[in-house]
Every structure is written in C-alpha cells, then in structure tokens.
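Below is the file upload25.pdb, which contains PDB, C-alpha atoms and all ligand atoms.
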ATOM      1  CA  MET A   1     -35.995  16.079  22.936
ATOM      2  CA  PRO A   2     -35.394  13.979  26.059
ATOM      3  CA  LEU A   3     -31.902  14.381  27.443
ATOM      4  CA  PHE A   4     -31.764  10.641  28.067
ATOM      5  CA  ASP A   5     -31.654   9.930  24.298
ATOM      6  CA  HIS A   6     -28.792  12.352  23.863
ATOM      7  CA  GLN A   7     -26.890  10.788  26.743
ATOM      8  CA  ALA A   8     -27.333   7.395  25.064
ATOM      9  CA  SER A   9     -25.959   8.848  21.845
ATOM     10  CA  LEU A  10     -22.861  10.301  23.601
ATOM     11  CA  THR A  11     -22.381   7.011  25.452
ATOM     12  CA  ALA A  12     -22.373   5.075  22.164
ATOM     13  CA  PHE A  13     -19.918   7.569  20.654
ATOM     14  CA  ALA A  14     -17.553   7.376  23.643
ATOM     15  CA  ASN A  15     -17.802   3.562  23.740
ATOM     16  CA  SER A  16     -16.754   3.414  20.095
ATOM     17  CA  HIS A  17     -13.379   4.894  21.180
ATOM     18  CA  PHE A  18     -12.493   2.186  23.704
ATOM     19  CA  LYS A  19      -9.599  -0.054  22.583
ATOM     20  CA  SER A  20      -9.346  -2.492  25.512
ATOM     21  CA  GLU A  21      -6.063  -0.822  26.432
ATOM     22  CA  LYS A  22      -6.031   0.217  30.082
ATOM     23  CA  ASP A  23      -4.344   3.599  29.740
ATOM     24  CA  HIS A  24      -6.172   4.631  26.573
ATOM     25  CA  ASP A  25      -9.560   3.595  27.930
ATOM     26  CA  TYR A  26      -8.886   5.431  31.215
ATOM     27  CA  HIS A  27      -8.606   8.742  29.348
ATOM     28  CA  ILE A  28     -11.701   8.100  27.209
ATOM     29  CA  LYS A  29     -13.712   7.228  30.336
ATOM     30  CA  LEU A  30     -12.383  10.331  32.109
ATOM     31  CA  LYS A  31     -13.723  12.608  29.360
ATOM     32  CA  PHE A  32     -17.018  10.732  29.133
ATOM     33  CA  GLU A  33     -17.634  11.087  32.873
ATOM     34  CA  HIS A  34     -16.502  14.733  32.715
ATOM     35  CA  SER A  35     -19.112  15.359  29.986
ATOM     36  CA  LEU A  36     -21.892  13.925  32.165
ATOM     37  CA  ARG A  37     -20.830  16.030  35.165
ATOM     38  CA  VAL A  38     -20.593  19.209  33.067
ATOM     39  CA  CYS A  39     -24.144  18.496  31.926
ATOM     40  CA  GLU A  40     -25.211  18.216  35.596
ATOM     41  CA  ASN A  41     -23.391  21.466  36.426
ATOM     42  CA  ALA A  42     -25.200  23.194  33.554
ATOM     43  CA  LYS A  43     -28.536  21.960  34.953
ATOM     44  CA  ALA A  44     -27.634  23.419  38.363
ATOM     45  CA  ILE A  45     -26.680  26.771  36.804
ATOM     46  CA  VAL A  46     -29.850  27.136  34.726
ATOM     47  CA  ALA A  47     -32.010  26.168  37.715
ATOM     48  CA  ASP A  48     -30.369  28.666  40.073
ATOM     49  CA  GLU A  49     -30.104  31.470  37.546
ATOM     50  CA  ASP A  50     -33.768  31.083  36.517
ATOM     51  CA  ILE A  51     -32.875  30.351  32.917
ATOM     52  CA  THR A  52     -35.801  28.409  31.529
ATOM     53  CA  GLY A  53     -37.384  27.055  28.345
ATOM     54  CA  HIS A  54     -35.608  26.223  25.142
ATOM     55  CA  VAL A  55     -32.393  28.115  25.973
ATOM     56  CA  ALA A  56     -32.026  26.073  29.170
ATOM     57  CA  SER A  57     -32.493  22.798  27.231
ATOM     58  CA  LEU A  58     -30.003  23.828  24.547
ATOM     59  CA  ALA A  59     -27.414  24.855  27.155
ATOM     60  CA  THR A  60     -27.757  21.490  28.900
ATOM     61  CA  LEU A  61     -27.351  19.671  25.569
ATOM     62  CA  ALA A  62     -24.361  21.767  24.536
ATOM     63  CA  ALA A  63     -22.794  21.014  27.932
ATOM     64  CA  LEU A  64     -23.283  17.277  27.364
ATOM     65  CA  PHE A  65     -21.586  17.398  23.953
ATOM     66  CA  HIS A  66     -19.059  20.173  24.645
ATOM     67  CA  ASP A  67     -16.027  17.842  24.713
ATOM     68  CA  ILE A  68     -17.090  15.474  21.935
ATOM     69  CA  GLY A  69     -13.874  16.463  20.141
ATOM     70  CA  ARG A  70     -11.798  15.023  22.996
ATOM     71  CA  PHE A  71     -12.532  11.403  21.954
ATOM     72  CA  PRO A  72     -11.092  11.647  18.422
ATOM     73  CA  GLN A  73      -8.369  14.004  19.711
ATOM     74  CA  TYR A  74      -7.083  11.471  22.240
ATOM     75  CA  THR A  75      -7.512   8.529  19.882
ATOM     76  CA  THR A  76      -5.519  10.235  17.132
ATOM     77  CA  TYR A  77      -2.896  12.165  19.095
ATOM     78  CA  GLY A  78      -2.746  10.556  22.569
ATOM     79  CA  THR A  79      -2.836  13.956  24.281
ATOM     80  CA  PHE A  80      -5.306  16.537  25.586
ATOM     81  CA  LYS A  81      -2.891  19.375  24.808
ATOM     82  CA  ASP A  82      -4.452  21.346  21.988
ATOM     83  CA  ALA A  83      -1.169  23.136  21.243
ATOM     84  CA  GLU A  84       0.474  19.788  20.460
ATOM     85  CA  SER A  85      -2.447  18.302  18.551
ATOM     86  CA  ILE A  86      -5.635  20.072  17.458
ATOM     87  CA  ASN A  87      -8.097  22.598  18.883
ATOM     88  CA  HIS A  88     -10.585  20.199  20.516
ATOM     89  CA  GLY A  89     -13.389  22.787  20.449
ATOM     90  CA  ARG A  90     -13.155  23.137  16.692
ATOM     91  CA  LEU A  91     -12.725  19.375  16.298
ATOM     92  CA  GLY A  92     -15.894  19.008  18.391
ATOM     93  CA  VAL A  93     -17.836  21.223  15.988
ATOM     94  CA  LEU A  94     -16.778  19.010  13.065
ATOM     95  CA  THR A  95     -17.363  15.795  15.008
ATOM     96  CA  LEU A  96     -20.904  16.741  16.003
ATOM     97  CA  ARG A  97     -21.675  17.656  12.396
ATOM     98  CA  ASP A  98     -21.074  14.005  11.453
ATOM     99  CA  GLN A  99     -23.141  12.619  14.330
ATOM    100  CA  LYS A 100     -26.723  11.500  13.952
ATOM    101  CA  LEU A 101     -28.404  13.143  16.896
ATOM    102  CA  PRO A 102     -31.752  11.921  18.202
ATOM    103  CA  HIS A 103     -34.921  13.130  16.509
ATOM    104  CA  ALA A 104     -36.407  16.569  16.997
ATOM    105  CA  THR A 105     -33.137  18.475  16.994
ATOM    106  CA  SER A 106     -33.706  21.219  14.442
ATOM    107  CA  LYS A 107     -30.976  22.551  12.172
ATOM    108  CA  LYS A 108     -31.110  25.889  13.954
ATOM    109  CA  ASP A 109     -30.661  24.226  17.356
ATOM    110  CA  LEU A 110     -27.781  22.115  16.061
ATOM    111  CA  ARG A 111     -26.074  25.246  14.758
ATOM    112  CA  LEU A 112     -26.371  26.864  18.193
ATOM    113  CA  ILE A 113     -25.049  23.768  19.983
ATOM    114  CA  ARG A 114     -22.115  23.527  17.582
ATOM    115  CA  ALA A 115     -21.330  27.238  17.958
ATOM    116  CA  ALA A 116     -21.337  26.904  21.756
ATOM    117  CA  ILE A 117     -18.974  23.906  21.487
ATOM    118  CA  GLY A 118     -16.654  25.999  19.327
ATOM    119  CA  LEU A 119     -16.670  28.752  21.957
ATOM    120  CA  HIS A 120     -16.353  26.563  25.056
ATOM    121  CA  ASN A 121     -12.557  26.589  25.093
ATOM    122  CA  VAL A 122     -11.726  30.062  23.746
ATOM    123  CA  LYS A 123     -10.037  32.360  26.249
ATOM    124  CA  ALA A 124     -12.966  34.787  26.347
ATOM    125  CA  ILE A 125     -16.095  35.264  24.273
ATOM    126  CA  ARG A 126     -16.762  38.594  22.568
ATOM    127  CA  ASP A 127     -19.265  41.028  24.078
ATOM    128  CA  THR A 128     -20.896  41.159  20.647
ATOM    129  CA  THR A 129     -21.787  37.430  20.682
ATOM    130  CA  PRO A 130     -25.515  37.325  19.848
ATOM    131  CA  GLN A 131     -28.207  35.833  22.054
ATOM    132  CA  PRO A 132     -29.120  33.123  22.779
ATOM    133  CA  LEU A 133     -25.644  31.851  21.831
ATOM    134  CA  ALA A 134     -23.912  34.028  24.455
ATOM    135  CA  THR A 135     -26.064  32.600  27.273
ATOM    136  CA  ILE A 136     -25.636  29.007  26.083
ATOM    137  CA  ALA A 137     -21.866  29.432  25.717
ATOM    138  CA  ASN A 138     -21.524  31.122  29.121
ATOM    139  CA  ILE A 139     -23.389  28.293  30.844
ATOM    140  CA  VAL A 140     -21.241  25.638  29.143
ATOM    141  CA  ARG A 141     -18.013  27.517  29.894
ATOM    142  CA  ASP A 142     -18.842  27.897  33.591
ATOM    143  CA  ALA A 143     -20.119  24.310  33.937
ATOM    144  CA  ASP A 144     -16.918  23.039  32.291
ATOM    145  CA  LYS A 145     -14.582  25.126  34.475
ATOM    146  CA  ILE A 146     -16.268  23.923  37.675
ATOM    147  CA  ASP A 147     -15.663  20.291  36.774
ATOM    148  CA  ILE A 148     -12.122  20.758  35.422
ATOM    149  CA  PHE A 149     -11.348  22.439  38.742
ATOM    150  CA  SER A 150     -12.114  19.304  40.736
ATOM    151  CA  VAL A 151     -10.659  16.824  38.209
ATOM    152  CA  ILE A 152      -7.291  18.598  38.159
ATOM    153  CA  LEU A 153      -7.174  19.062  41.937
ATOM    154  CA  ASP A 154      -7.943  15.372  42.464
ATOM    155  CA  HIS A 155      -5.092  14.514  40.110
ATOM    156  CA  LEU A 156      -2.693  16.845  41.890
ATOM    157  CA  ASP A 157      -3.550  15.641  45.365
ATOM    158  CA  PRO A 158      -0.253  14.399  46.872
ATOM    159  CA  GLU A 159      -2.116  11.266  48.032
ATOM    160  CA  THR A 160      -3.081  10.162  44.529
ATOM    161  CA  GLU A 161      -1.056   9.069  41.545
ATOM    162  CA  SER A 162      -1.619  11.593  38.767
ATOM    163  CA  LYS A 163      -1.770  10.821  35.078
ATOM    164  CA  PRO A 164       0.676  12.982  33.074
ATOM    165  CA  VAL A 165      -1.808  13.434  30.194
ATOM    166  CA  VAL A 166      -4.457  14.853  32.516
ATOM    167  CA  ILE A 167      -2.146  17.472  33.994
ATOM    168  CA  HIS A 168      -0.620  18.283  30.599
ATOM    169  CA  SER A 169       2.738  16.715  31.545
ATOM    170  CA  LEU A 170       3.649  19.629  33.856
ATOM    171  CA  ILE A 171       6.610  19.476  36.250
ATOM    172  CA  GLN A 172       5.430  18.206  39.631
ATOM    173  CA  ASP A 173       7.513  20.131  42.146
ATOM    174  CA  GLN A 174       5.314  21.031  45.086
ATOM    175  CA  THR A 175       7.491  23.996  46.062
ATOM    176  CA  LYS A 176       7.517  25.792  42.710
ATOM    177  CA  TYR A 177       5.201  28.010  40.657
ATOM    178  CA  SER A 178       5.745  30.624  37.933
ATOM    179  CA  ASP A 179       5.563  34.266  38.948
ATOM    180  CA  GLU A 180       3.971  35.235  35.608
ATOM    181  CA  VAL A 181       1.075  32.832  36.141
ATOM    182  CA  TYR A 182       0.734  34.014  39.750
ATOM    183  CA  GLN A 183       0.592  37.693  38.733
ATOM    184  CA  THR A 184      -2.021  36.993  36.045
ATOM    185  CA  THR A 185      -4.216  35.191  38.570
ATOM    186  CA  LEU A 186      -3.765  37.874  41.233
ATOM    187  CA  ALA A 187      -4.768  40.535  38.684
ATOM    188  CA  GLY A 188      -7.997  38.598  38.020
ATOM    189  CA  GLU A 189      -7.015  38.076  34.395
ATOM    190  CA  ILE A 190      -7.565  34.941  32.371
ATOM    191  CA  GLY A 191      -4.508  32.701  32.353
ATOM    192  CA  ASP A 192      -3.059  30.950  29.377
ATOM    193  CA  TYR A 193      -2.321  27.227  29.162
ATOM    194  CA  SER A 194       0.827  27.971  27.174
ATOM    195  CA  LEU A 195       2.420  29.678  30.212
ATOM    196  CA  LEU A 196       2.032  26.683  32.519
ATOM    197  CA  ARG A 197       5.271  25.040  33.584
ATOM    198  CA  TYR A 198       4.669  23.510  37.010
ATOM    199  CA  SER A 199       1.643  21.623  38.269
ATOM    200  CA  ASN A 200       1.153  24.465  40.779
ATOM    201  CA  ASP A 201       0.747  26.816  37.784
ATOM    202  CA  PHE A 202      -2.291  24.770  36.751
ATOM    203  CA  ILE A 203      -3.740  25.301  40.234
ATOM    204  CA  LEU A 204      -3.117  29.042  39.935
ATOM    205  CA  LEU A 205      -4.860  29.024  36.541
ATOM    206  CA  LEU A 206      -7.862  27.294  38.130
ATOM    207  CA  ILE A 207      -7.993  29.835  40.952
ATOM    208  CA  GLY A 208      -7.923  32.580  38.305
ATOM    209  CA  TRP A 209     -11.075  31.105  36.761
ATOM    210  CA  LEU A 210     -12.929  31.934  39.966
ATOM    211  CA  PHE A 211     -12.724  35.647  39.074
ATOM    212  CA  VAL A 212     -13.973  35.225  35.506
ATOM    213  CA  LEU A 213     -16.917  32.869  36.024
ATOM    214  CA  HIS A 214     -20.002  34.348  34.417
ATOM    215  CA  TYR A 215     -22.698  33.320  36.902
ATOM    216  CA  PRO A 216     -22.742  33.871  40.686
ATOM    217  CA  THR A 217     -24.173  30.327  40.959
ATOM    218  CA  SER A 218     -20.909  29.004  39.511
ATOM    219  CA  VAL A 219     -18.873  30.795  42.189
ATOM    220  CA  ARG A 220     -21.234  29.376  44.814
ATOM    221  CA  LEU A 221     -20.807  25.821  43.466
ATOM    222  CA  ILE A 222     -17.013  26.164  43.592
ATOM    223  CA  ALA A 223     -17.242  27.526  47.154
ATOM    224  CA  GLU A 224     -19.717  24.868  48.337
ATOM    225  CA  ARG A 225     -17.570  22.050  46.977
ATOM    226  CA  GLY A 226     -14.568  23.312  48.955
ATOM    227  CA  LEU A 227     -12.460  23.576  45.803
ATOM    228  CA  ILE A 228     -10.694  26.792  46.789
ATOM    229  CA  GLU A 229      -9.629  25.312  50.138
ATOM    230  CA  GLN A 230      -8.467  22.164  48.340
ATOM    231  CA  ALA A 231      -6.453  24.269  45.852
ATOM    232  CA  PHE A 232      -4.689  26.272  48.555
ATOM    233  CA  SER A 233      -3.988  23.141  50.599
ATOM    234  CA  ILE A 234      -1.792  21.888  47.723
ATOM    235  CA  LEU A 235       0.004  25.191  46.955
ATOM    236  CA  PRO A 236       3.106  26.227  48.927
ATOM    237  CA  LYS A 237       2.426  28.339  52.018
ATOM    238  CA  ASP A 238       4.172  31.655  51.377
ATOM    239  CA  ASP A 239       3.113  35.301  51.636
ATOM    240  CA  LYS A 240       2.233  35.651  47.947
ATOM    241  CA  ILE A 241      -0.034  32.606  48.032
ATOM    242  CA  GLN A 242      -1.563  33.870  51.291
ATOM    243  CA  THR A 243      -2.402  37.202  49.598
ATOM    244  CA  LEU A 244      -4.141  35.321  46.782
ATOM    245  CA  ASN A 245      -5.972  33.136  49.295
ATOM    246  CA  GLU A 246      -7.384  36.217  51.028
ATOM    247  CA  LYS A 247      -8.385  37.781  47.708
ATOM    248  CA  SER A 248     -10.187  34.565  46.677
ATOM    249  CA  HIS A 249     -12.144  34.382  49.928
ATOM    250  CA  THR A 250     -13.050  38.075  49.805
ATOM    251  CA  PHE A 251     -14.295  37.558  46.237
ATOM    252  CA  MET A 252     -16.413  34.523  47.181
ATOM    253  CA  ARG A 253     -17.962  36.393  50.143
ATOM    254  CA  TYR A 254     -18.710  39.387  47.887
ATOM    255  CA  LYS A 255     -20.356  37.213  45.208
ATOM    256  CA  ASN A 256     -22.352  35.253  47.754
ATOM    257  CA  THR A 257     -23.724  38.333  49.503
ATOM    258  CA  ARG A 258     -24.788  39.692  46.116
ATOM    259  CA  THR A 259     -26.653  36.482  45.323
ATOM    260  CA  PRO A 260     -30.236  36.601  46.592
TER     261      PRO A 260
HETATM  262 FE    FE A 301     -13.126  21.095  26.565
END

Just give me the structure of the file as structure tokens.
Amino acid sequence: MPLFDHQASLTAFANSHFKSEKDHDYHIKLKFEHSLRVCENAKAIVADEDITGHVASLATLAALFHDIGRFPQYTTYGTFKDAESINHGRLGVLTLRDQKLPHATSKKDLRLIRAAIGLHNVKAIRDTTPQPLATIANIVRDADKIDIFSVILDHLDPETESKPVVIHSLIQDQTKYSDEVYQTTLAGEIGDYSLLRYSNDFILLLIGWLFVLHYPTSVRLIAERGLIEQAFSILPKDDKIQTLNEKSHTFMRYKNTRTP
C-alpha cells in the first residue's frame, strides 16, 4: 500500500473542506500540513527506533490520518477546542470509517489505524493496550506532539500575528502563567487543556510533553529543532521558569546519553 496513494486520498478529503473563505481555509490548510508533517515525524521515529515491517507502515499511515476528524470538526463548529465542540479523535474514527481508502488496506489494518486515531489525543494510554496497537499509538502520539510543539510556538512568537483558534483563544499576556499548570509541568505530569488560561500555560503544557514522550528519538527531535530554547525564550524570565529550564535541559542530556 504505497503511502503516496493515501496522501492523495487525505489531500482530496482536506480539499473538499475548503470554502474559498480566507480564515476558514487557513485553518483547514493548517491541519492538512500538520498531518503531512506528523507523518514525516512518524517516519523519523520508526527509522531511528528500528521499528520495521508492517507495524512501521501502519504507524506511518495512522500518523497521516490521525487528525482526519479536525476537518469536519472545524467545518461544523469553527473551533479546535474539543471541550466546546466534539472529541476530534473519536470523530476521526467515525470519519475514517466512511472513507474509501486505497486498495490493499485490510479490515484488520483499518481497525488498528482507527484505534490509534481514537487514542492519539487521550491523556495517556493504558499499560494494558495490546500490541501492535500500543506501538502504533505511541508513535502517532509522539509524532503529533513534536509538530504541535512547533506550530504553537510559531503562533506565540511575539513577532508573528497569532490566530486565536490555533491557540485555543487563550489570554495573551506575556508576563503571566498559571501556577497550577507550572507545578504539573515541573512534576513531569501530563497537563490538561482544561486548565490553560494564558498563552504561556500552553507553552508550559508543551514543555511538560517533553517528559512524557515515549521514544528517546522524539526527545532528540525536539532538542535538535531547538524547540525547548524557543519555548523558554517566550516565557517570562523568573526563578521558577529558570528551575524548569534547568530540569528540561538535564532531562534532554540524560535521554540523549542513554540513546546509542
Ligand atoms: Fe489531534
């Protein structure tokens, strides 16, 4: 099943959501391009983690289609906030069920891809998740986080004009962040979108993802792309943020020395 055919199928699906309205089309294009980059990230993870064969192909495909629910979500509700619309992972499962995928995708493979899509945006996946679903879902989840990291940081860069929908309409006050979100990140726990108030909280949530990425390759990709430096360059410069900065760099050094 050549990936190219699947990319053509996602392209056609995304194109069907354009309305020739500048703002609407911007958000559809953003998610389409995100999907392609998450697919590339998944390829980099499987290559570096020596994941091969059918599981590698399925993970790459699931990465490509992971956000297929975003297109109908935005078209219907005009938001990417699941709490104010619909769970886009679950919508993705239903959306893919109605899609005619290119030949040679077996029912069993489609079930695995759909299950991984349903798991891509849950807070954490259960330890009891069976293989190969756990591997496929972990690859998609890491690949997705790496790209969201850079998309959000680019939108929060003081030099650029950010789109409210992309940053979930958070308050943009460069001096403020919520202590609860900070403490969660510092503790290495997974943050919750519902707690975000300021745009800096989103950055803290992203930094928290660093500690929960499944694959060392994912940490390396974040480090190589300079995303941690970019994140801290936007946050206020106080002692608490400095403590988190040191913890993040210690963690990246530790992960990198453990990677052969
Ligand atoms: Fe998603």

I'd like a table as a Markdown table: residues in chain A with an atom no more than 7 Å from ligand FE 301 (chain A), each row giving the shortest atom pair and its distance in Å to one decimal, all atoms listed in the file counted, sorted by chain and rising residue number.
| residue | atom | partner | partner_atom | distance |
| --- | --- | --- | --- | --- |
| A:His66 | CA | A:FE301 | FE | 6.3 |
| A:Asp67 | CA | A:FE301 | FE | 4.7 |
| A:His88 | CA | A:FE301 | FE | 6.6 |
| A:Gly89 | CA | A:FE301 | FE | 6.4 |
| A:His120 | CA | A:FE301 | FE | 6.5 |
| A:Asn121 | CA | A:FE301 | FE | 5.7 |

Evaluate the PyMOL selection byres (((chain A and resi 152) around 12) and not hetatm) and record the selected residues as a CSV table (one decimal) with C-alpha atoms, in the coordinates of the input, following the chain and residue labels used in the document.
chain,number,residue,atom,x,y,z
A,30,LEU,CA,-12.4,10.3,32.1
A,34,HIS,CA,-16.5,14.7,32.7
A,145,LYS,CA,-14.6,25.1,34.5
A,146,ILE,CA,-16.3,23.9,37.7
A,147,ASP,CA,-15.7,20.3,36.8
A,148,ILE,CA,-12.1,20.8,35.4
A,149,PHE,CA,-11.3,22.4,38.7
A,150,SER,CA,-12.1,19.3,40.7
A,151,VAL,CA,-10.7,16.8,38.2
A,153,LEU,CA,-7.2,19.1,41.9
A,154,ASP,CA,-7.9,15.4,42.5
A,155,HIS,CA,-5.1,14.5,40.1
A,156,LEU,CA,-2.7,16.8,41.9
A,157,ASP,CA,-3.6,15.6,45.4
A,158,PRO,CA,-0.3,14.4,46.9
A,160,THR,CA,-3.1,10.2,44.5
A,161,GLU,CA,-1.1,9.1,41.5
A,162,SER,CA,-1.6,11.6,38.8
A,163,LYS,CA,-1.8,10.8,35.1
A,164,PRO,CA,0.7,13.0,33.1
A,165,VAL,CA,-1.8,13.4,30.2
A,166,VAL,CA,-4.5,14.9,32.5
A,167,ILE,CA,-2.1,17.5,34.0
A,168,HIS,CA,-0.6,18.3,30.6
A,170,LEU,CA,3.6,19.6,33.9
A,199,SER,CA,1.6,21.6,38.3
A,200,ASN,CA,1.2,24.5,40.8
A,201,ASP,CA,0.7,26.8,37.8
A,202,PHE,CA,-2.3,24.8,36.8
A,203,ILE,CA,-3.7,25.3,40.2
A,204,LEU,CA,-3.1,29.0,39.9
A,205,LEU,CA,-4.9,29.0,36.5
A,206,LEU,CA,-7.9,27.3,38.1
A,207,ILE,CA,-8.0,29.8,41.0
A,227,LEU,CA,-12.5,23.6,45.8
A,230,GLN,CA,-8.5,22.2,48.3
A,231,ALA,CA,-6.5,24.3,45.9
A,234,ILE,CA,-1.8,21.9,47.7

Practice task
Name the residues that the PyMOL selection byres (((chain A and resi 41) around 8) and not hetatm) pulls out of this structure, and write them as a PyMOL selection string.
Solution key: chain A and resi 37-40+42-45+143-144+146-147

Practice task
To one decimal in Å, tell me the separation between atom CA of Ile68 of chain A and atom CA of Val93 of chain A.
Solution key: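 If I compute the distance from atom CA of Ile68 of chain A to atom CA of Val93 of chain A, I get 8.3 Å.
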
Completion exercise
What separates atom CA of Ile139 of chain A and atom CA of Glu229 of chain A is a distance of 23.9 Å

Fill in the blank from the handout: A straight line from atom CA of Phe211 of chain A to atom CA of Ala223 of chain A spans 12.3 Å

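By chain and then residue number, the residues within 10 Å of Ser85 of chain A are Gln73, Tyr74, Thr76, Tyr77, Gly78 and Thr79 of chain A, counting only C-alpha atoms and disregarding those fewer than 6 positions away in sequence.
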
Can you write out the residues you just picked, keeping C-alpha atoms, as a CSV table (one decimal), keeping the file's coordinate frame?
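What ended up in result.csv:
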chain,number,residue,atom,x,y,z
A,73,GLN,CA,-8.4,14.0,19.7
A,74,TYR,CA,-7.1,11.5,22.2
A,76,THR,CA,-5.5,10.2,17.1
A,77,TYR,CA,-2.9,12.2,19.1
A,78,GLY,CA,-2.7,10.6,22.6
A,79,THR,CA,-2.8,14.0,24.3

Handout entry: Contacts of His24 of chain A at 8 Å (all atoms listed in the file; same-chain gap of 5+ positions) as number ranges by chain
Key = A: 18-19, 75, 78

Exercise for the section: May I ask which of the residues A:Ala62, A:Leu213, A:Leu3, A:Val181 is the closest one to Leu110 of chain A, counting only C-alpha atoms? Expected result: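 Checking each of A:Ala62, A:Leu213, A:Leu3, A:Val181 against Leu110 of chain A, counting only C-alpha atoms, the winner is A:Ala62.
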
Problem - Expected selection from the PyMOL selection byres (((chain A and resi 97) around 12) and not hetatm), given as a list of chain:residue names - result: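 When the PyMOL selection byres (((chain A and resi 97) around 12) and not hetatm) is applied to the shown file, the picked residues are A:Phe65, A:Ile68, A:Gly69, A:Arg90, A:Leu91, A:Gly92, A:Val93, A:Leu94, A:Thr95, A:Leu96, A:Asp98, A:Gln99, A:Lys100, A:Leu101, A:Lys107, A:Leu110, A:Arg111, A:Leu112, A:Ile113, A:Arg114, A:Ala115, A:Ile117, A:Gly118.
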
I need segment 186-193 of chain A written out with all heavy atoms, as an mmCIF file, in the first residue's frame; please produce it.
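Okay, out_11.cif is ready:
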data_model
loop_
_atom_site.group_PDB
_atom_site.id
_atom_site.type_symbol
_atom_site.label_atom_id
_atom_site.label_comp_id
_atom_site.auth_asym_id
_atom_site.auth_seq_id
_atom_site.Cartn_x
_atom_site.Cartn_y
_atom_site.Cartn_z
ATOM 1 N N LEU A 186 6.373 20.934 36.125
ATOM 2 C CA LEU A 186 7.599 20.716 36.901
ATOM 3 C C LEU A 186 7.626 19.303 37.488
ATOM 4 O O LEU A 186 8.681 18.674 37.586
ATOM 5 C CB LEU A 186 7.711 21.757 38.029
ATOM 6 C CG LEU A 186 9.046 21.750 38.773
ATOM 7 C CD1 LEU A 186 10.186 22.255 37.861
ATOM 8 C CD2 LEU A 186 8.980 22.626 40.024
ATOM 9 N N ALA A 187 6.444 18.785 37.851
ATOM 10 C CA ALA A 187 6.361 17.441 38.426
ATOM 11 C C ALA A 187 6.483 16.354 37.358
ATOM 12 O O ALA A 187 6.491 15.163 37.663
ATOM 13 C CB ALA A 187 5.041 17.296 39.181
ATOM 14 N N GLY A 188 6.564 16.768 36.080
ATOM 15 C CA GLY A 188 6.686 15.788 34.994
ATOM 16 C C GLY A 188 5.382 15.059 34.735
ATOM 17 O O GLY A 188 5.369 13.956 34.189
ATOM 18 N N GLU A 189 4.274 15.689 35.146
ATOM 19 C CA GLU A 189 2.965 15.062 34.920
ATOM 20 C C GLU A 189 2.316 15.635 33.659
ATOM 21 O O GLU A 189 2.682 16.721 33.213
ATOM 22 C CB GLU A 189 2.047 15.311 36.132
ATOM 23 C CG GLU A 189 2.502 14.530 37.354
ATOM 24 C CD GLU A 189 1.855 15.052 38.619
ATOM 25 O OE1 GLU A 189 0.923 15.868 38.536
ATOM 26 O OE2 GLU A 189 2.323 14.639 39.702
ATOM 27 N N ILE A 190 1.351 14.888 33.146
ATOM 28 C CA ILE A 190 0.710 15.315 31.906
ATOM 29 C C ILE A 190 -0.309 16.412 32.209
ATOM 30 O O ILE A 190 -1.180 16.237 33.056
ATOM 31 C CB ILE A 190 0.015 14.134 31.209
ATOM 32 C CG1 ILE A 190 1.049 13.015 30.989
ATOM 33 C CG2 ILE A 190 -0.607 14.554 29.887
ATOM 34 C CD1 ILE A 190 0.429 11.682 30.650
ATOM 35 N N GLY A 191 -0.182 17.524 31.509
ATOM 36 C CA GLY A 191 -1.076 18.653 31.739
ATOM 37 C C GLY A 191 -2.431 18.438 31.080
ATOM 38 O O GLY A 191 -2.628 17.505 30.300
ATOM 39 N N ASP A 192 -3.335 19.326 31.433
ATOM 40 C CA ASP A 192 -4.693 19.196 30.934
ATOM 41 C C ASP A 192 -5.100 20.485 30.221
ATOM 42 O O ASP A 192 -4.933 21.580 30.779
ATOM 43 C CB ASP A 192 -5.598 18.966 32.145
ATOM 44 C CG ASP A 192 -6.901 18.334 31.751
ATOM 45 O OD1 ASP A 192 -7.535 18.850 30.798
ATOM 46 O OD2 ASP A 192 -7.272 17.338 32.366
ATOM 47 N N TYR A 193 -5.620 20.336 29.017
ATOM 48 C CA TYR A 193 -6.020 21.525 28.239
ATOM 49 C C TYR A 193 -7.024 22.389 29.012
ATOM 50 O O TYR A 193 -7.045 23.598 28.863
ATOM 51 C CB TYR A 193 -6.655 21.098 26.917
ATOM 52 C CG TYR A 193 -5.662 20.781 25.811
ATOM 53 C CD1 TYR A 193 -5.338 19.476 25.480
ATOM 54 C CD2 TYR A 193 -5.065 21.803 25.076
ATOM 55 C CE1 TYR A 193 -4.434 19.180 24.457
ATOM 56 C CE2 TYR A 193 -4.173 21.532 24.053
ATOM 57 C CZ TYR A 193 -3.859 20.221 23.749
ATOM 58 O OH TYR A 193 -2.972 19.952 22.744
#
